[in-house]
Amino acid sequence: MRASRLMSLVLLLQGRGGMTAAELAAELEVSERTVHRDMLALSEAGVPVYADRGRGGGYRLLDGYRTRLTGLDRAEAEALFLSGVPGALREMGLAEVAATARLKAAAALSPALRDAPVVAAQRFHLDAPGWFAGDDPPPAALGPLARAVWSDRRVRAVYKGAARTLEPYGLVLKAGTWYLAARRADRFLIFRVHRFGEVTELAEPFDRDPGFDLAAFWAGRSAEFSRSLLRDTITLRLTERGVRMLRHVADPAAVDDALASLQPDGTVRLAVESAQVAYSQVLRFGPEAEVLDPPELRAMLADAAARMAALYGR
C-alpha cells in the first residue's frame, strides 16, 4: 500500500510540476504528516525531490528528472479504459488501480498536454444510474464476481437459492443495476448480481470463447427481453402530433413495428405489455390518440376522459 502511494507521489509531482503538502494529502486521502514522511522516504531512496519554503511553496522534483515507472501493467491498462465510469470502478474494487493508471498516463504526456485530463473532466461526465436512484451499497457478490471476470476463473455461486457453477464472461451496469453475463452448460445467460448469494472463485480458469462480444450479446438479449414483455396488441388512431409523440410514449421495442403499420388515417397497431400498462401509455397521448381496440381499453379511456371532463368542467 505504501509503495503504491510513494509511486503516486512521484507521478503526481512529475505530472503537475509541484504541489503543496496539503494538495498531495487531499489527492491521496492521507494526512500532511504522512506526506512529509513519504517525501523523506523518497529522498532517502534517491528520488530528487525537494521542498520550496514560504508562501506558494511545496514539493517538486529536480528539473529534468523523469521516472521510469510510467509503464502500465495489465490490470492498470484494463482499468484505464473504465476511467469514465468512476462509480462502477469503486463498486468493483478497481478505483485505486485506475487512479494509478491515470497518473501514469498523465506523467507520460508531454508538458504541453498535461492539462488534457483536467480539460476533459471539466467538459464531460458520465452519470450511469437513472434518476432518483438511491445511493445503495453495491451487491456483496459484485466484488468476487468482478475478480473472477478479470481472471477468467469459474465460480461456484448460489443464485436465487440454487447452487451452480458458472463461467463469468462480463459485467453490465444498466441504469444503476449490475448484471452478469455467464456461460453455463454451453449457454450464455444473464443474471442479476443482487440475486446472488455466496460466490466462491474456483481455482481452475476457463477458456473464453474468442467470438463472444459482450456489447453485442447484451444488446441482443436486452432487446429480446423487451420484446418478450409485449404480449398484447392494441389499435389506435393517432393525429399527426400523436404519430410524432409515439417514440416518446410507447415502449422503444414496439415503436418501429408500430410505425411500419401506420395507415393513412393514422391507425396503428401497437404492441404493449398489458392493458393496464397500455392505459397509462395512452393517457400520455391526451387527445392525440383514440383507442379503437380492444373494447375494454377503450372503455377505460372513455371513463378516464369523462372523469377528467367533469373535474375540469366545474
# chains A, B, ... in the order shown; residues from 1 in each chain; ligands from 1

$ select_by_dssp --residues "range 185-304 of chain A" --states "strand (DSSP E)" --output "JSON, numbers by chain"
{"A": [187, 188, 189, 190, 191, 192, 196, 197, 198, 199, 200, 201, 202, 203, 204, 205, 232, 233, 234, 235, 236, 237, 238, 267, 268, 269, 270, 271, 272, 289, 290, 291, 292, 293]}

$ write_last_selection --atoms "C-alpha atoms" --output "CSV table (one decimal), in the first residue's frame"
chain,number,residue,atom,x,y,z
A,187,ARG,CA,-25.4,-21.5,-22.9
A,188,PHE,CA,-24.8,-17.8,-22.4
A,189,LEU,CA,-27.2,-16.4,-19.8
A,190,ILE,CA,-27.9,-13.1,-17.9
A,191,PHE,CA,-28.0,-13.0,-14.1
A,192,ARG,CA,-28.9,-10.1,-11.8
A,196,PHE,CA,-26.6,-13.9,-5.9
A,197,GLY,CA,-25.9,-15.3,-2.5
A,198,GLU,CA,-22.4,-16.7,-1.7
A,199,VAL,CA,-19.9,-16.6,-4.5
A,200,THR,CA,-16.7,-18.6,-4.5
A,201,GLU,CA,-14.0,-18.2,-7.1
A,202,LEU,CA,-12.6,-21.6,-8.2
A,203,ALA,CA,-9.0,-22.3,-8.9
A,204,GLU,CA,-9.4,-23.6,-12.4
A,205,PRO,CA,-9.6,-21.0,-15.2
A,232,ASP,CA,-50.7,-7.8,-26.2
A,233,THR,CA,-51.6,-5.6,-29.1
A,234,ILE,CA,-53.9,-2.5,-29.2
A,235,THR,CA,-55.1,-0.5,-32.2
A,236,LEU,CA,-55.0,3.3,-32.0
A,237,ARG,CA,-55.9,6.2,-34.4
A,238,LEU,CA,-53.3,8.9,-34.0
A,267,THR,CA,-54.4,3.9,-37.5
A,268,VAL,CA,-51.5,1.9,-35.9
A,269,ARG,CA,-51.1,-1.4,-34.2
A,270,LEU,CA,-49.0,-1.1,-31.0
A,271,ALA,CA,-47.6,-4.0,-29.0
A,272,VAL,CA,-48.0,-3.5,-25.2
A,289,ALA,CA,-54.9,9.2,-29.7
A,290,GLU,CA,-58.2,7.3,-29.9
A,291,VAL,CA,-58.3,3.6,-28.8
A,292,LEU,CA,-60.1,1.5,-31.4
A,293,ASP,CA,-59.4,-1.9,-30.0

$ residues_around --residues "Arg195 in chain A" --least-positions-apart "3" --cutoff "9 Å" --atoms "only C-alpha atoms" --output "list of chain:residue names"
A:Pro139, A:Ala141, A:Val158, A:Tyr159, A:Lys160, A:Gly161, A:Phe191, A:Arg192

$ closest_residue --among "A:Leu12, A:Val249, A:Met39, A:Ala254" --to "Ser228 in chain A" --atoms "only C-alpha atoms"
A:Ala254

$ atom_distance --atom1 "CA of Leu229 in chain A" --atom2 "CA of Gln263 in chain A"
25.0 Å

$ select_by_dssp --residues "range 232-303 of chain A" --states "alpha helix (DSSP H)" --output "PyMOL selection string"
chain A and resi 240-249+252-260+275-285+295-303
